[in-house]
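A.B. asks: Contents are mmCIF, C-alpha atoms; file name work.cif:
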```
data_model
loop_
_atom_site.label_atom_id
_atom_site.label_comp_id
_atom_site.auth_asym_id
_atom_site.auth_seq_id
_atom_site.Cartn_x
_atom_site.Cartn_y
_atom_site.Cartn_z
CA MET A 4 4.29 -29.24 14.50
CA THR A 5 4.90 -32.74 13.07
CA THR A 6 2.55 -34.39 10.58
CA SER A 7 1.34 -36.89 13.18
CA GLY A 8 0.80 -34.03 15.62
CA LYS A 9 -1.33 -32.20 13.10
CA GLU A 10 -3.44 -35.29 12.50
CA ASN A 11 -3.99 -35.81 16.23
CA PHE A 12 -5.00 -32.17 16.61
CA ARG A 13 -7.55 -32.50 13.84
CA LEU A 14 -8.97 -35.78 15.14
CA LYS A 15 -9.48 -34.27 18.59
CA SER A 16 -11.19 -31.16 17.18
CA TYR A 17 -14.98 -31.37 16.94
CA LYS A 18 -14.75 -29.01 13.98
CA ASN A 19 -12.91 -31.45 11.75
CA LYS A 20 -15.12 -34.37 12.69
CA SER A 21 -17.88 -32.70 10.72
CA LEU A 22 -15.79 -32.45 7.55
CA ASN A 23 -15.74 -35.05 4.81
CA PRO A 24 -12.45 -36.82 3.95
CA ASP A 25 -11.97 -34.85 0.72
CA GLU A 26 -12.15 -31.53 2.55
CA MET A 27 -9.72 -32.72 5.22
CA ARG A 28 -7.33 -33.99 2.52
CA ARG A 29 -7.51 -30.63 0.76
CA ARG A 30 -6.59 -28.81 3.94
CA ARG A 31 -3.72 -31.18 4.65
CA GLU A 32 -2.38 -30.52 1.14
CA GLU A 33 -2.61 -26.77 1.70
CA GLU A 34 -0.93 -26.87 5.07
CA GLY A 35 1.68 -29.43 4.09
CA LEU A 36 2.97 -27.73 0.94
CA GLN A 37 6.78 -27.71 1.05
CA LEU A 38 8.70 -24.78 -0.35
CA ARG A 39 12.38 -24.23 0.20
CA LYS A 40 13.23 -21.04 2.10
CA GLN A 41 15.41 -18.57 0.19
CA LYS A 42 18.30 -16.95 1.97
CA ARG A 43 18.29 -13.20 1.95
CA GLU A 44 21.36 -11.13 1.08
CA GLU A 45 20.10 -8.23 3.14
CA GLN A 46 19.00 -8.94 6.70
CA LEU A 47 17.00 -5.73 6.52
CA PHE A 48 14.27 -7.33 4.47
CA LYS A 49 12.80 -9.84 6.86
CA ARG A 50 9.10 -10.27 7.25
CA ARG A 51 7.72 -7.60 9.48
CA ASN A 52 4.99 -7.51 12.06
CA VAL A 53 3.07 -4.26 12.10
CA ALA A 54 1.76 -2.51 15.21
CA THR A 55 1.97 1.11 16.24
CA ALA A 56 0.53 2.80 19.28
CA ASP A 57 -2.04 4.66 17.20
CA GLU A 58 -3.12 1.50 15.40
CA GLU A 59 -3.42 -0.43 18.64
CA ALA A 60 -5.56 2.33 20.07
CA GLU A 61 -7.75 2.19 16.96
CA GLU A 62 -8.09 -1.57 17.34
CA GLU A 63 -9.16 -1.13 20.94
CA VAL A 64 -12.03 1.05 19.76
CA MET A 65 -12.97 -1.28 16.91
CA SER A 66 -12.77 -4.56 18.79
CA ASP A 67 -14.02 -3.58 22.23
CA GLY A 68 -16.85 -1.26 21.32
CA GLY A 69 -19.83 -1.93 23.54
CA PHE A 70 -17.87 -4.34 25.74
CA HIS A 71 -18.36 -2.48 29.00
CA GLU A 72 -22.03 -2.00 28.28
CA ALA A 73 -22.32 -5.72 27.63
CA GLN A 74 -20.50 -6.46 30.85
CA MET A 75 -23.05 -4.45 32.81
CA ASN A 76 -25.85 -6.48 31.27
CA ASN A 77 -24.25 -9.90 31.39
CA MET A 78 -26.35 -11.09 34.34
CA GLU A 79 -29.59 -10.89 32.38
CA MET A 80 -29.69 -14.59 31.54
CA THR A 81 -32.51 -17.08 31.50
CA SER A 82 -32.60 -19.55 34.33
CA ASN A 83 -32.84 -22.60 32.02
CA ALA A 84 -29.63 -21.78 30.09
CA VAL A 85 -26.81 -24.31 29.82
CA ILE A 86 -24.49 -21.39 30.54
CA THR A 87 -24.86 -20.93 34.28
CA SER A 88 -24.73 -17.65 36.12
CA ASP A 89 -21.66 -18.93 37.98
CA MET A 90 -19.80 -19.37 34.69
CA THR A 91 -20.67 -15.85 33.63
CA GLU A 92 -19.74 -14.33 36.97
CA MET A 93 -16.39 -16.09 36.89
CA ILE A 94 -15.69 -14.91 33.33
CA PHE A 95 -16.14 -11.30 34.45
CA SER A 96 -14.30 -11.84 37.73
CA ASN A 97 -11.06 -10.02 38.47
CA SER A 98 -9.50 -13.28 39.62
CA PRO A 99 -7.22 -14.89 36.99
CA GLU A 100 -7.94 -18.32 38.49
CA GLN A 101 -11.70 -17.88 38.15
CA GLN A 102 -11.31 -16.47 34.64
CA LEU A 103 -9.30 -19.52 33.59
CA SER A 104 -11.69 -21.96 35.26
CA ALA A 105 -14.74 -20.41 33.60
CA THR A 106 -12.99 -20.23 30.24
CA GLN A 107 -12.17 -23.94 30.42
CA LYS A 108 -15.82 -24.68 31.21
CA PHE A 109 -16.91 -22.72 28.16
CA ARG A 110 -14.39 -24.61 26.05
CA LYS A 111 -15.70 -27.98 27.24
CA LEU A 112 -19.24 -26.82 26.62
CA LEU A 113 -18.41 -25.78 23.08
CA SER A 114 -16.68 -29.08 22.40
CA LYS A 115 -19.81 -31.13 22.94
CA GLU A 116 -21.08 -33.09 19.97
CA PRO A 117 -23.16 -33.08 17.91
CA ASN A 118 -24.73 -29.70 18.73
CA PRO A 119 -22.50 -27.42 20.79
CA PRO A 120 -24.39 -24.37 22.11
CA ILE A 121 -22.66 -21.90 19.81
CA ASP A 122 -25.66 -19.60 19.45
CA GLU A 123 -26.20 -19.42 23.17
CA VAL A 124 -22.58 -18.46 23.80
CA ILE A 125 -22.83 -15.74 21.16
CA SER A 126 -26.09 -14.40 22.55
CA THR A 127 -24.76 -14.22 26.11
CA PRO A 128 -23.99 -10.52 26.49
CA GLY A 129 -20.30 -9.70 26.63
CA VAL A 130 -18.90 -13.25 26.58
CA VAL A 131 -17.34 -13.21 23.11
CA ALA A 132 -15.95 -9.72 23.71
CA ARG A 133 -14.51 -10.96 27.01
CA PHE A 134 -12.72 -13.80 25.23
CA VAL A 135 -11.30 -11.29 22.75
CA GLU A 136 -10.05 -9.22 25.67
CA PHE A 137 -8.31 -12.28 27.12
CA LEU A 138 -6.47 -12.70 23.83
CA LYS A 139 -4.72 -9.36 24.26
CA ARG A 140 -3.11 -10.45 27.50
CA LYS A 141 0.41 -11.82 27.61
CA GLU A 142 0.60 -13.12 31.16
CA ASN A 143 -1.42 -16.33 30.80
CA CYS A 144 -1.00 -18.34 27.60
CA THR A 145 -3.48 -20.98 28.72
CA LEU A 146 -6.16 -18.36 29.20
CA GLN A 147 -5.25 -16.81 25.87
CA VAL A 148 -5.55 -19.88 23.67
CA SER A 149 -8.06 -22.18 25.30
CA PRO A 150 -11.31 -20.36 24.52
CA CYS A 151 -10.56 -19.64 20.92
CA LEU A 152 -9.45 -22.19 18.39
CA SER A 153 -12.19 -24.65 19.27
CA VAL A 154 -14.91 -22.11 18.50
CA LEU A 155 -13.53 -19.32 16.28
CA SER A 156 -13.88 -21.33 13.08
CA TRP A 157 -17.60 -21.57 13.84
CA LEU A 158 -17.92 -17.90 14.66
CA LEU A 159 -16.45 -16.94 11.29
CA PHE A 160 -19.63 -18.22 9.63
CA VAL A 161 -22.09 -16.45 11.92
CA ASN A 162 -24.27 -13.94 10.09
CA ASP A 163 -23.56 -11.12 12.52
CA THR A 164 -21.11 -8.34 11.72
CA ASP A 165 -20.09 -7.72 15.33
CA VAL A 166 -19.44 -11.40 15.98
CA LEU A 167 -17.44 -11.70 12.74
CA ALA A 168 -15.36 -8.67 13.67
CA ASP A 169 -14.65 -10.00 17.16
CA ALA A 170 -13.71 -13.43 15.80
CA CYS A 171 -11.35 -11.91 13.23
CA TRP A 172 -9.71 -9.68 15.83
CA ALA A 173 -9.28 -12.72 18.05
CA LEU A 174 -7.51 -14.59 15.25
CA SER A 175 -5.36 -11.56 14.52
CA TYR A 176 -4.18 -11.53 18.15
CA LEU A 177 -3.52 -15.27 18.11
CA SER A 178 -1.50 -15.08 14.89
CA ASP A 179 0.57 -12.07 16.00
CA GLY A 180 3.77 -13.74 17.11
CA PRO A 181 6.22 -16.52 16.33
CA ASN A 182 5.62 -19.20 13.74
CA ASP A 183 4.23 -21.76 16.20
CA LYS A 184 1.36 -19.39 17.02
CA ILE A 185 0.77 -18.84 13.31
CA GLN A 186 0.76 -22.60 12.75
CA ALA A 187 -1.86 -23.10 15.45
CA VAL A 188 -4.16 -20.69 13.61
CA ILE A 189 -3.49 -22.44 10.30
CA ASP A 190 -4.21 -25.82 11.86
CA ALA A 191 -7.59 -24.51 12.99
CA GLY A 192 -8.53 -24.41 9.30
CA VAL A 193 -9.61 -20.76 9.24
CA CYS A 194 -7.41 -19.38 6.44
CA ARG A 195 -9.82 -19.80 3.54
CA ARG A 196 -12.64 -18.15 5.45
CA LEU A 197 -10.40 -15.26 6.51
CA VAL A 198 -9.51 -14.66 2.86
CA GLU A 199 -13.20 -14.72 1.92
CA LEU A 200 -13.90 -12.10 4.58
CA LEU A 201 -11.44 -9.73 2.89
CA MET A 202 -14.29 -9.04 0.47
CA HIS A 203 -16.90 -8.42 3.18
CA ASN A 204 -18.99 -5.28 2.67
CA ASP A 205 -18.25 -3.89 6.14
CA TYR A 206 -14.81 -2.48 6.97
CA LYS A 207 -15.41 -3.49 10.59
CA VAL A 208 -14.88 -7.08 9.39
CA VAL A 209 -12.38 -6.41 6.60
CA SER A 210 -9.87 -4.65 8.88
CA PRO A 211 -9.35 -7.51 11.37
CA ALA A 212 -9.56 -10.17 8.66
CA LEU A 213 -6.81 -8.37 6.74
CA ARG A 214 -4.69 -8.05 9.89
CA ALA A 215 -5.05 -11.79 10.57
CA VAL A 216 -4.12 -12.68 6.97
CA GLY A 217 -1.19 -10.27 7.15
CA ASN A 218 0.05 -11.81 10.37
CA ILE A 219 -0.05 -15.30 8.88
CA VAL A 220 2.14 -14.30 5.92
CA THR A 221 4.79 -13.00 8.33
CA GLY A 222 5.52 -16.70 8.90
CA ASP A 223 7.73 -18.92 6.79
CA ASP A 224 7.24 -19.67 3.09
CA ILE A 225 5.11 -22.75 3.78
CA GLN A 226 2.74 -20.80 6.01
CA THR A 227 2.58 -17.97 3.47
CA GLN A 228 1.73 -20.46 0.75
CA VAL A 229 -1.36 -21.58 2.66
CA ILE A 230 -2.77 -18.07 2.25
CA LEU A 231 -1.73 -17.91 -1.41
CA ASN A 232 -3.47 -21.22 -2.05
CA CYS A 233 -6.70 -19.60 -0.84
CA SER A 234 -6.57 -17.14 -3.77
CA ALA A 235 -5.76 -14.20 -1.53
CA LEU A 236 -3.94 -12.08 -4.11
CA GLN A 237 -7.03 -11.08 -6.08
CA SER A 238 -8.68 -9.90 -2.88
CA LEU A 239 -5.54 -7.97 -1.93
CA LEU A 240 -5.43 -6.35 -5.37
CA HIS A 241 -9.01 -5.21 -4.83
CA LEU A 242 -8.11 -3.74 -1.42
CA LEU A 243 -5.25 -1.72 -2.95
CA SER A 244 -7.91 0.53 -4.49
CA SER A 245 -9.90 0.86 -1.27
CA PRO A 246 -11.01 4.41 -0.42
CA LYS A 247 -10.04 3.68 3.18
CA GLU A 248 -6.35 4.52 3.52
CA SER A 249 -5.74 2.19 6.48
CA ILE A 250 -7.05 -0.76 4.44
CA LYS A 251 -4.82 0.18 1.52
CA LYS A 252 -1.81 0.47 3.83
CA GLU A 253 -2.41 -2.93 5.46
CA ALA A 254 -2.88 -4.55 2.06
CA CYS A 255 0.52 -3.17 1.00
CA TRP A 256 2.05 -4.45 4.24
CA THR A 257 0.59 -7.91 3.65
CA ILE A 258 1.91 -7.98 0.08
CA SER A 259 5.35 -6.84 1.28
CA ASN A 260 5.56 -9.94 3.44
CA ILE A 261 4.60 -12.12 0.48
CA THR A 262 7.30 -10.52 -1.71
CA ALA A 263 9.76 -11.33 1.09
CA GLY A 264 9.16 -14.97 0.18
CA ASN A 265 10.72 -17.10 -2.51
CA ARG A 266 10.85 -16.41 -6.23
CA ALA A 267 7.80 -18.56 -6.97
CA GLN A 268 5.79 -16.45 -4.54
CA ILE A 269 7.11 -13.22 -6.03
CA GLN A 270 6.02 -14.56 -9.42
CA THR A 271 2.48 -15.15 -8.16
CA VAL A 272 2.36 -11.47 -7.19
CA ILE A 273 3.55 -10.56 -10.70
CA ASP A 274 0.99 -12.88 -12.29
CA ALA A 275 -1.77 -11.29 -10.21
CA ASN A 276 -0.84 -7.91 -11.79
CA ILE A 277 -0.32 -6.33 -8.38
CA PHE A 278 2.94 -4.46 -9.00
CA PRO A 279 1.46 -1.79 -11.29
CA ALA A 280 -0.95 -0.88 -8.49
CA LEU A 281 1.89 -0.85 -5.95
CA ILE A 282 4.00 1.48 -8.07
CA ASN A 283 1.03 3.80 -8.50
CA ILE A 284 0.60 3.83 -4.71
CA LEU A 285 4.32 4.48 -4.33
CA GLN A 286 3.83 7.69 -6.34
CA THR A 287 0.45 8.97 -5.20
CA ALA A 288 -0.70 7.64 -1.82
CA GLU A 289 -0.28 9.00 1.68
CA PHE A 290 3.22 8.58 3.05
CA ARG A 291 2.34 5.81 5.53
CA THR A 292 0.98 3.76 2.63
CA ARG A 293 3.87 4.61 0.31
CA LYS A 294 6.23 3.24 2.96
CA GLU A 295 4.60 -0.19 2.84
CA ALA A 296 4.57 -0.18 -0.97
CA ALA A 297 8.30 0.63 -0.91
CA TRP A 298 8.94 -2.42 1.27
CA ALA A 299 6.96 -4.58 -1.16
CA ILE A 300 8.99 -3.36 -4.16
CA THR A 301 12.37 -3.56 -2.46
CA ASN A 302 11.68 -7.01 -1.02
CA ALA A 303 10.96 -8.19 -4.56
CA THR A 304 14.25 -6.73 -5.83
CA SER A 305 16.06 -8.41 -2.96
CA GLY A 306 14.82 -11.94 -3.54
CA GLY A 307 13.65 -11.81 -7.14
CA SER A 308 15.27 -13.24 -10.24
CA ALA A 309 16.92 -11.09 -12.92
CA GLU A 310 13.79 -11.26 -15.05
CA GLN A 311 11.57 -10.27 -12.12
CA ILE A 312 13.74 -7.26 -11.27
CA LYS A 313 13.82 -6.17 -14.92
CA TYR A 314 10.02 -6.39 -14.96
CA LEU A 315 9.85 -3.97 -12.02
CA VAL A 316 12.23 -1.57 -13.76
CA GLU A 317 10.13 -1.69 -16.91
CA LEU A 318 7.06 -0.81 -14.84
CA GLY A 319 8.86 2.33 -13.70
CA CYS A 320 9.87 1.57 -10.11
CA ILE A 321 13.14 3.56 -10.24
CA LYS A 322 11.73 7.09 -10.12
CA PRO A 323 9.39 6.61 -7.14
CA LEU A 324 12.22 4.89 -5.26
CA CYS A 325 14.47 7.86 -6.02
CA ASP A 326 11.75 10.21 -4.80
CA LEU A 327 11.83 8.52 -1.39
CA LEU A 328 15.50 9.44 -0.91
CA THR A 329 14.55 12.90 0.33
CA VAL A 330 12.02 11.92 3.01
CA MET A 331 12.70 12.38 6.73
CA ASP A 332 12.12 8.72 7.63
CA SER A 333 15.61 7.19 7.78
CA LYS A 334 14.34 3.61 7.60
CA ILE A 335 12.48 4.26 4.36
CA VAL A 336 15.49 6.04 2.88
CA GLN A 337 17.46 2.86 3.59
CA VAL A 338 14.72 0.74 2.03
CA ALA A 339 14.83 2.87 -1.15
CA LEU A 340 18.64 2.79 -1.27
CA ASN A 341 18.65 -0.97 -0.95
CA GLY A 342 16.11 -1.34 -3.74
CA LEU A 343 18.19 0.87 -6.03
CA GLU A 344 21.34 -1.02 -5.09
CA ASN A 345 19.70 -4.33 -6.01
CA ILE A 346 18.75 -2.89 -9.40
CA LEU A 347 22.24 -1.46 -9.98
CA ARG A 348 23.81 -4.81 -9.06
CA LEU A 349 21.71 -6.50 -11.75
CA GLY A 350 22.75 -3.82 -14.26
CA GLU A 351 26.40 -4.44 -13.47
CA GLN A 352 25.93 -8.15 -14.17
CA GLU A 353 24.22 -7.38 -17.48
CA ALA A 354 27.07 -5.02 -18.45
CA ARG A 355 29.62 -7.78 -17.85
CA ARG A 356 27.65 -10.36 -19.80
CA GLY A 357 27.05 -7.99 -22.72
CA GLY A 358 30.65 -6.85 -22.80
CA THR A 359 29.62 -3.19 -22.99
CA GLY A 360 30.84 -2.22 -19.55
CA ILE A 361 27.86 0.16 -19.33
CA ASN A 362 25.33 -0.30 -16.53
CA PRO A 363 21.97 0.46 -18.18
CA TYR A 364 20.31 1.43 -14.91
CA CYS A 365 22.79 4.18 -13.96
CA ALA A 366 21.34 6.45 -16.64
CA LEU A 367 17.77 5.76 -15.47
CA ILE A 368 18.69 6.74 -11.93
CA GLU A 369 20.41 9.91 -13.14
CA GLU A 370 17.37 10.83 -15.25
CA ALA A 371 15.20 10.49 -12.13
CA TYR A 372 17.57 12.87 -10.28
CA GLY A 373 18.52 9.92 -8.14
CA LEU A 374 22.26 10.51 -8.45
CA ASP A 375 21.95 14.06 -7.11
CA LYS A 376 19.93 12.78 -4.17
CA ILE A 377 22.37 9.96 -3.43
CA GLU A 378 25.25 12.45 -3.49
CA PHE A 379 23.35 14.65 -1.04
CA LEU A 380 22.85 11.66 1.28
CA GLN A 381 26.62 11.46 1.73
CA SER A 382 26.14 14.20 4.32
CA HIS A 383 23.23 12.47 6.06
CA GLU A 384 23.37 12.30 9.86
CA ASN A 385 22.57 8.56 9.82
CA GLN A 386 25.85 6.66 9.50
CA GLU A 387 24.35 3.70 7.63
CA ILE A 388 22.70 5.99 5.10
CA TYR A 389 25.75 8.11 4.31
CA GLN A 390 27.95 4.99 4.11
CA LYS A 391 25.52 3.33 1.72
CA ALA A 392 25.30 6.48 -0.38
CA PHE A 393 29.09 6.77 -0.49
CA ASP A 394 29.46 3.13 -1.52
CA LEU A 395 26.88 3.45 -4.30
CA ILE A 396 28.55 6.57 -5.72
CA GLU A 397 32.00 5.02 -5.57
CA HIS A 398 31.03 1.63 -6.99
CA TYR A 399 28.49 2.51 -9.67
CA PHE A 400 28.97 6.18 -10.53
CA GLY A 401 32.66 6.87 -9.79
CA THR A 402 34.33 5.07 -12.70
CA GLU A 403 35.65 8.05 -14.69
CA GLU A 404 39.41 7.94 -15.31
CA GLU A 405 41.48 10.69 -13.76
CA ASP A 406 43.32 13.03 -16.12
CA SER A 407 47.00 12.35 -15.33
CA SER A 408 47.98 15.82 -16.55
CA ILE A 409 45.68 17.38 -13.97
CA ALA A 410 46.16 15.09 -10.98
CA PRO A 411 49.11 16.26 -8.82
CA GLN A 412 52.10 14.00 -8.19
CA VAL A 413 52.95 12.85 -4.69
CA ASP A 414 56.28 13.34 -2.94
CA LEU A 415 56.41 10.26 -0.75
CA GLY A 416 59.45 11.53 1.13
CA GLN A 417 57.81 14.80 2.10
CA GLN A 418 54.33 13.27 2.31
CA GLN A 419 52.83 16.05 0.20
CA TYR A 420 51.50 16.78 -3.24
CA ILE A 421 53.79 18.31 -5.90
CA PHE A 422 52.13 20.90 -8.08
CA GLN A 423 53.74 21.89 -11.41
CA GLN A 424 55.10 25.44 -11.56
CA CYS A 425 53.87 27.48 -14.48
CA GLU A 426 56.36 30.05 -15.79
CA ALA A 427 55.06 33.51 -16.56
CA PRO A 428 55.52 34.76 -20.13
CA MET A 429 58.49 37.05 -20.76
CA GLU A 430 56.24 39.99 -21.56
CA GLY A 431 54.21 39.39 -18.42
CA PHE A 432 50.51 38.55 -18.06
CA GLN A 433 48.08 40.49 -20.22
CA LEU A 434 45.24 42.08 -18.26
#
```
Go ahead and express the file in the form of structure tokens.
C.D. replies:
Amino acid sequence: MTTSGKENFRLKSYKNKSLNPDEMRRRREEEGLQLRKQKREEQLFKRRNVATADEEAEEEVMSDGGFHEAQMNNMEMTSNAVITSDMTEMIFSNSPEQQLSATQKFRKLLSKEPNPPIDEVISTPGVVARFVEFLKRKENCTLQVSPCLSVLSWLLFVNDTDVLADACWALSYLSDGPNDKIQAVIDAGVCRRLVELLMHNDYKVVSPALRAVGNIVTGDDIQTQVILNCSALQSLLHLLSSPKESIKKEACWTISNITAGNRAQIQTVIDANIFPALINILQTAEFRTRKEAAWAITNATSGGSAEQIKYLVELGCIKPLCDLLTVMDSKIVQVALNGLENILRLGEQEARRGGTGINPYCALIEEAYGLDKIEFLQSHENQEIYQKAFDLIEHYFGTEEEDSSIAPQVDLGQQQYIFQQCEAPMEGFQL
């Protein structure tokens, strides 16, 4: 979206009309921050969206709880309401045309100044949950977007846990996709409030707020920086010690997409003292959480500077990466191998600069039994894994000189090896 386009969007939004010029300038500075995108050596380490069947099922329960009950009661409205019974009936209709028409009417209603009927919309049974349901659909983009961005920023400040949870889930659905969808959510000015809600005392709100924040940082570096500018890292550090494993896992996933950014962004993660917690998780947490921590570490070794990678080594990242080489998940084995390769590549550069010819990180990997595990992976059924393992052994651990007195000569004419004949002693062999 161009700068002029952003300004027009804000001017047309009733939300921004209520903001003072300083606040609007601050948001423009956040959203307009320019950071150059770093190229990645490994295409493997791109920002990742997260969604599994189990998680989606869990979200259904969390976001739609009570929806059908509300739908049954949605006709119990007062006759003097600005929300007419026709609007409500159309919202709950099975007709896509009526759903869209009613949704547009709600949007126009909520765009009225100076006092849009926000509270009445919220108190109408089932309406907000119905809008959230619309967001999950893929077949009608107009229906998906129109009810939301003009009202969600208001809903995020409502003192009602269920409403907050629904609003956050709605934003998580809207931000789950390409960068233009992420930008639309950023332009709605909701990022700072989403970050604040990461510290909410109810996991029903924290979970969707974290998913929305995580989706936003799957965007480009500029979009990620908007979240960083809202002081998100301290909240994420707090969530890494959450007793709820799913929260801890999603926090690691969110951080992994930040460490897939540029070196300045990796440095902010270092400065926030997050990597010690990640390495601890990499050693002690449930496997699904360790996987996300592994991505965070390896992404940092992929795009980080020499000093940043050395910092990770000093924290002790090599052993837990080596420990992942024996898991059944082929993707995570590849992630660990790539992290170790990035570290070994740095060690090779240091050996050349120092003139020693000794890679300091080879010994650390051997001490962590990493070399034995890499050798074992040369028989792995996954072609990419065994090829990577073979290459690492050959390039970084296969430098010993052959003993010319032991190695057989080759007869090029006969295309065979020539082995030296040993004469038996005159007195014969002694038994």
A.B. asks: For Glu248 (chain A), work out the shell of residues within 8 Å, counting only C-alpha atoms and skipping chain neighbours fewer than 4 positions away, then give it as a list in words.
C.D. replies: Lys252, Glu289 and Thr292 of chain A
A.B. asks: So that I can check the surroundings of region 336-341 of chain A, please list as a PyMOL selection string every protein, DNA and RNA residue that reaches within 8 Å of it, counting only C-alpha atoms and ignoring chain neighbours fewer than 3 positions away.
C.D. replies: chain A and resi 297-298+301+324-325+327-333+344-345+388+391-392
A.B. asks: Could you please determine the separation between CA of Lys139 (chain A) and CA of Gln101 (chain A) in Å, to one decimal place?
C.D. replies: 17.7 Å
A.B. asks: Convert the output of the PyMOL selection byres ((chain A and resi 369) around 12) on the shown file into explicit residues, formatted as a compact mmCIF listing (two decimals) with C-alpha atoms, in the coordinates of the input.
C.D. replies:
```
# COMPACT_ATOMS: atom_id res chain seq x y z
CA ILE A 321 13.14 3.56 -10.24
CA LYS A 322 11.73 7.09 -10.12
CA CYS A 325 14.47 7.86 -6.02
CA LEU A 343 18.19 0.87 -6.03
CA LEU A 347 22.24 -1.46 -9.98
CA ASN A 362 25.33 -0.30 -16.53
CA PRO A 363 21.97 0.46 -18.18
CA TYR A 364 20.31 1.43 -14.91
CA CYS A 365 22.79 4.18 -13.96
CA ALA A 366 21.34 6.45 -16.64
CA LEU A 367 17.77 5.76 -15.47
CA ILE A 368 18.69 6.74 -11.93
CA GLU A 370 17.37 10.83 -15.25
CA ALA A 371 15.20 10.49 -12.13
CA TYR A 372 17.57 12.87 -10.28
CA GLY A 373 18.52 9.92 -8.14
CA LEU A 374 22.26 10.51 -8.45
CA ASP A 375 21.95 14.06 -7.11
CA LYS A 376 19.93 12.78 -4.17
CA ILE A 377 22.37 9.96 -3.43
CA GLU A 378 25.25 12.45 -3.49
CA ILE A 396 28.55 6.57 -5.72
CA TYR A 399 28.49 2.51 -9.67
CA PHE A 400 28.97 6.18 -10.53
```
A.B. asks: May I ask which of the residues A:Ala254, A:Leu200, A:Leu138, A:Leu155 is the closest one to Tyr176 (chain A), counting all atoms listed in the file?
C.D. replies: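 The closest residue to Tyr176 (chain A) is A:Leu138.
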A.B. asks: Have a look at CA of Phe95 (chain A) and CA of Ile185 (chain A) and let me know their distance in Å, one decimal.
C.D. replies: 28.1 Å
A.B. asks: For this file, the PyMOL selection byres ((chain A and resi 172-175) around 8) selects which residues, as a PDB file with C-alpha atoms, in the coordinates of the input?
C.D. replies:
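The resulting result-v2.pdb:
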```pdb
ATOM      1  CA  SER A  66     -12.770  -4.560  18.790  1.00  0.00           C
ATOM      2  CA  VAL A 135     -11.300 -11.290  22.750  1.00  0.00           C
ATOM      3  CA  LEU A 138      -6.470 -12.700  23.830  1.00  0.00           C
ATOM      4  CA  CYS A 151     -10.560 -19.640  20.920  1.00  0.00           C
ATOM      5  CA  LEU A 155     -13.530 -19.320  16.280  1.00  0.00           C
ATOM      6  CA  ALA A 168     -15.360  -8.670  13.670  1.00  0.00           C
ATOM      7  CA  ASP A 169     -14.650 -10.000  17.160  1.00  0.00           C
ATOM      8  CA  ALA A 170     -13.710 -13.430  15.800  1.00  0.00           C
ATOM      9  CA  CYS A 171     -11.350 -11.910  13.230  1.00  0.00           C
ATOM     10  CA  TYR A 176      -4.180 -11.530  18.150  1.00  0.00           C
ATOM     11  CA  LEU A 177      -3.520 -15.270  18.110  1.00  0.00           C
ATOM     12  CA  SER A 178      -1.500 -15.080  14.890  1.00  0.00           C
ATOM     13  CA  ASP A 179       0.570 -12.070  16.000  1.00  0.00           C
ATOM     14  CA  VAL A 188      -4.160 -20.690  13.610  1.00  0.00           C
ATOM     15  CA  PRO A 211      -9.350  -7.510  11.370  1.00  0.00           C
ATOM     16  CA  ALA A 212      -9.560 -10.170   8.660  1.00  0.00           C
ATOM     17  CA  ARG A 214      -4.690  -8.050   9.890  1.00  0.00           C
ATOM     18  CA  ALA A 215      -5.050 -11.790  10.570  1.00  0.00           C
ATOM     19  CA  VAL A 216      -4.120 -12.680   6.970  1.00  0.00           C
ATOM     20  CA  ASN A 218       0.050 -11.810  10.370  1.00  0.00           C
TER      21      ASN A 218
END
```
A.B. asks: Mind pulling up the distance from CA of Leu380 (chain A) to CA of Ile346 (chain A)?
C.D. replies: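 Computing the Euclidean distance for CA of Ile346 (chain A) and CA of Leu380 (chain A) yields 18.5 Å.
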A.B. asks: Have a look at A:Gly217, A:Gly306, A:Gly319, A:Gly264 and name the one nearest to Ile250 (chain A); count all atoms listed in the file.
C.D. replies: A:Gly217
A.B. asks: Measuring between all atoms listed in the file, which one of A:Glu123, A:Arg356, A:Arg51, A:Trp157 shows the shortest distance to Ile219 (chain A)?
C.D. replies: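 The answer is A:Arg51, which sits nearest to Ile219 (chain A).
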A.B. asks: Using all atoms listed in the file, give me every residue within 6 Å of (-17.7, -4.8, 10.5) in file coordinates, as a compact mmCIF listing (two decimals) with C-alpha atoms, keeping the file's coordinate frame.
C.D. replies:
```
# COMPACT_ATOMS: atom_id res chain seq x y z
CA THR A 164 -21.11 -8.34 11.72
CA ALA A 168 -15.36 -8.67 13.67
CA ASP A 205 -18.25 -3.89 6.14
CA TYR A 206 -14.81 -2.48 6.97
CA LYS A 207 -15.41 -3.49 10.59
CA VAL A 208 -14.88 -7.08 9.39
```
A.B. asks: Neighbouring residues of Asn283 (chain A) were defined as those with any atom within 10 Å, considering only C-alpha atoms; residues of the same chain fewer than 4 positions away were excluded. Please report them as number ranges by chain.
C.D. replies: A: 278-279, 287-288, 293, 296, 318-320, 323
A.B. asks: Excluding Val272 (chain A) and residues on its chain fewer than 3 positions from it, collect all residues at most 10 Å away from it, counting all atoms listed in the file, and give them as a ChimeraX atom specification.
C.D. replies: /A:231,236-237,240,258,261-262,266-269,275-278,303
A.B. asks: Hey, which of A:Ser210, A:Ser244, A:Ser88, A:Asn260 ends up closest to Ile230 (chain A)? Count all atoms listed in the file.
C.D. replies: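 Ranked by minimum distance to Ile230 (chain A), first place goes to A:Asn260.
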A.B. asks: So what does the PyMOL selection byres ((chain A and resi 309) around 12) actually pick up in this one, as a list in words?
C.D. replies: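 Applied to this file, the PyMOL selection byres ((chain A and resi 309) around 12) selects Arg266, Gln270, Ala303, Thr304, Ser305, Gly306, Gly307, Ser308, Glu310, Gln311, Ile312, Lys313, Tyr314, Leu315, Val316, Asn345, Ile346, Leu347, Arg348, Leu349, Gly350, Glu351, Gln352 and Glu353 of chain A.
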